[in-house]
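Visitor: Sharing a structure with you now.
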Amino acid sequence: MSRSTSASSMVRRALSGVVFAALLVLAGCSGDEFTDAERATIASLSLDQLPPLPADPSNRVADDRLAAAFGATLFFEPRLSGHGDVSCSTCHQIDRQFQDDRPLGRGVGLTDRRTMPLAGVAWSPWQFWDGRKDSLWAQALGPLEDAREHGGNRTAYAHFITTSLKDRYERIFGPLPDLSGIPQNAGPLGNAEERAVWESISEAKRAEIDTVFANIGKSIAAFERSIRHEETRFDRFAKAIAAGETPQGDAALDESERLGLRLFIGRANCVTCHAGPRFSDEHFHNTGVPQPPELPEDSGRAAGIPKALADPFNCLSRHSDAKPEQCGELRFVAKDDHAMLRAFKTPSLRGAVSRPPYMHSGQIATIEDVIDHYAAAPRPPKGESELKPLTLSEPEKQALVAFLKMLDPRTSPVN
Amino acid sequence: MGLKGKIGIALGAVVIAVAAAVGYMMFVMAPPSDLDLARSKKTAKGLYAVEIAPENPAFERNMLHGWIATVKTADGVAVEDAQITVDGGMPQHGHGLPTAPQVTAALGDGRYRIEGVRFNMSGWWEFKLHVSAAAGEDDVTFNLSL
Ligand SMILES: [Cu+2]
């Protein structure tokens, strides 16, 4: 009897030892040590691995300081709108990571999509959730003429520059066209009356107005190129790991953060799409995010590609400063990739924890719900989701959130 | 067999099972270790020998970049009149190339410039060329590990 008791307690002890060892292994091999592969991945996510700001040959003032300063003025200028009450910063708020905390952006009216944060956008070859614009300057022209955003028109904007900002404009771009006798409100995307008036303007004059309009975009783009990601706790940790040092102080990870990091770059596969220093592959994926019933059906990137190709302000247009061979993104875009149906641009995860709600139309309210979405990998409303269901325990879900919090500049003590 | 022996076997089985599960989890997305990464290959039917080289050897994930493909017949003669199309993707993720690369120039000596290549993710990529020339049509698949 006593023999079997001691034997069973021996089994129990031995088994609990195995279970403990197995847990350690499951948690990621040998306690605190990362494998070489994990180290390399961690280093690749560090902000200091961000490549130099990509040139934009389609915008000759992209790196011009006068243009950037002029662009900053325009970005915050509400007179650059139909009723003088909407600027880019209405939705892209400087103290809120250049977004607005709403499920759907609201200007003159309510839009169909979530306002995107702007840090690091200049590293992204395609703009908008569906990538329907191939440069920052072409992007900026969209909201200016969108009835639900700024609700203005390009003739009114050319008049506004001429009357209020003539000197600053001309210092950068040379003489403004003569707009005397040109009606105040006209444009190809306005209401019926504005479109009719636009048609009545001579083609040569319309081309001159288009140039002023494009230059507004190019100046705003020059400003946006200066909106950068801030260093976070994760970056201090990754820098130490890359240097082969032990992370110290706030750069050290607690157990949950470490588990979250391992899941993120390992079994949960987040890093396949949320890759590199921006935590984005800058591409488009269908991740089974639901279609809000009250909004028009959204095909995502599948609809964005033809729009980018047809955009009169794209890299191959006459307003572009690039040579055609410099427009690689447009020339080599995969035109009929069936995977692009309801595919949306991978957002950067830097700062994501403090800017709910999530996804392209703010469909998911909290970061915890986002993790549940990835665990469940729901069937997409259209197309094919790239996600596969994930088995995550409660502590593992919390660990992913704890890791994402490290990517938030706000939760990092500054000094 | 004594009790200790049985315990030993049971524990061994647990350890193997755990190790197998961990191995599966950690390597499920890693490229197969025996992947043939040769950049110079015969086409499937043996009609051509194709070599590929990145124009910028330091290309990185997510960079739009170009490759030079050199096409020769099986007996080593440069093929000048080839029509080449490019395809590929990530077999483990089930998606294709994020861009549509194209041959933009025949450089002579059987060399062709392929532009517009981008690999947006790390991992195992297939880079497939379909070659059509006087000797016939043939295919070759290269593996790249990023
Ligand atoms: Cu992939």
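In the structure tokens, chains take letters A, B, ... by order of appearance, with residues numbered from 1 within each chain and ligands from 1 in the order shown.
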Give me, as a ChimeraX atom specification, all polymer residues having an atom no more than 12 Å from A:Arg171, counting only C-alpha atoms and skipping those fewer than 2 positions away in the same chain.
Guide: /A:61,64-67,69-70,165-169,173-176
Visitor: Taking only C-alpha atoms into account, find every residue of chain B that has an atom no more than 6 Å from chain A, and write it out as a list in words.
Guide: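 So the residues of chain B near chain A are Thr99, Ala100, Pro101, Gly116, Asn120 and Met121 of chain B.
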Visitor: Please produce a file of those selected residues containing C-alpha atoms, as a PDB file, in the first residue's frame.
Guide:
```pdb
ATOM      1  CA  THR B  99       1.922  42.880 -58.039  1.00  0.00           C
ATOM      2  CA  ALA B 100       1.859  41.835 -61.694  1.00  0.00           C
ATOM      3  CA  PRO B 101       5.539  41.765 -62.733  1.00  0.00           C
ATOM      4  CA  GLY B 116       7.507  45.265 -60.768  1.00  0.00           C
ATOM      5  CA  ASN B 120       5.158  42.007 -49.098  1.00  0.00           C
ATOM      6  CA  MET B 121       5.565  39.218 -46.522  1.00  0.00           C
TER       7      MET B 121
END
```
Visitor: Can you work out which one of A:Leu253, A:Leu309, A:Thr155, A:Gly131 has the shortest atom-to-atom distance to A:Arg206, counting only C-alpha atoms?
Guide: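 Among the listed residues, A:Thr155 lies closest to A:Arg206.
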Visitor: Compile the contact shell of stretch 45-60 of chain A as a ChimeraX atom specification: residues with an atom at most 9 Å away, counting only C-alpha atoms, same-chain residues fewer than 4 positions apart removed.
Guide: /A:40-41,64,120,122-124,135,137,215,218-219,221-222,225,229-232,234-239,242,275-279,314-316,319-323,326-327
Visitor: Give the residue list for ligand 1 at 10 Å, counting only C-alpha atoms and all ligand atoms, as JSON, numbers by chain, sorted by chain and then by residue number.
Guide: {"A": [272, 273, 281, 285, 386], "B": [29, 89, 90, 91, 92, 93, 94, 95, 96, 97, 98, 119, 120, 121, 122, 123, 124, 125]}
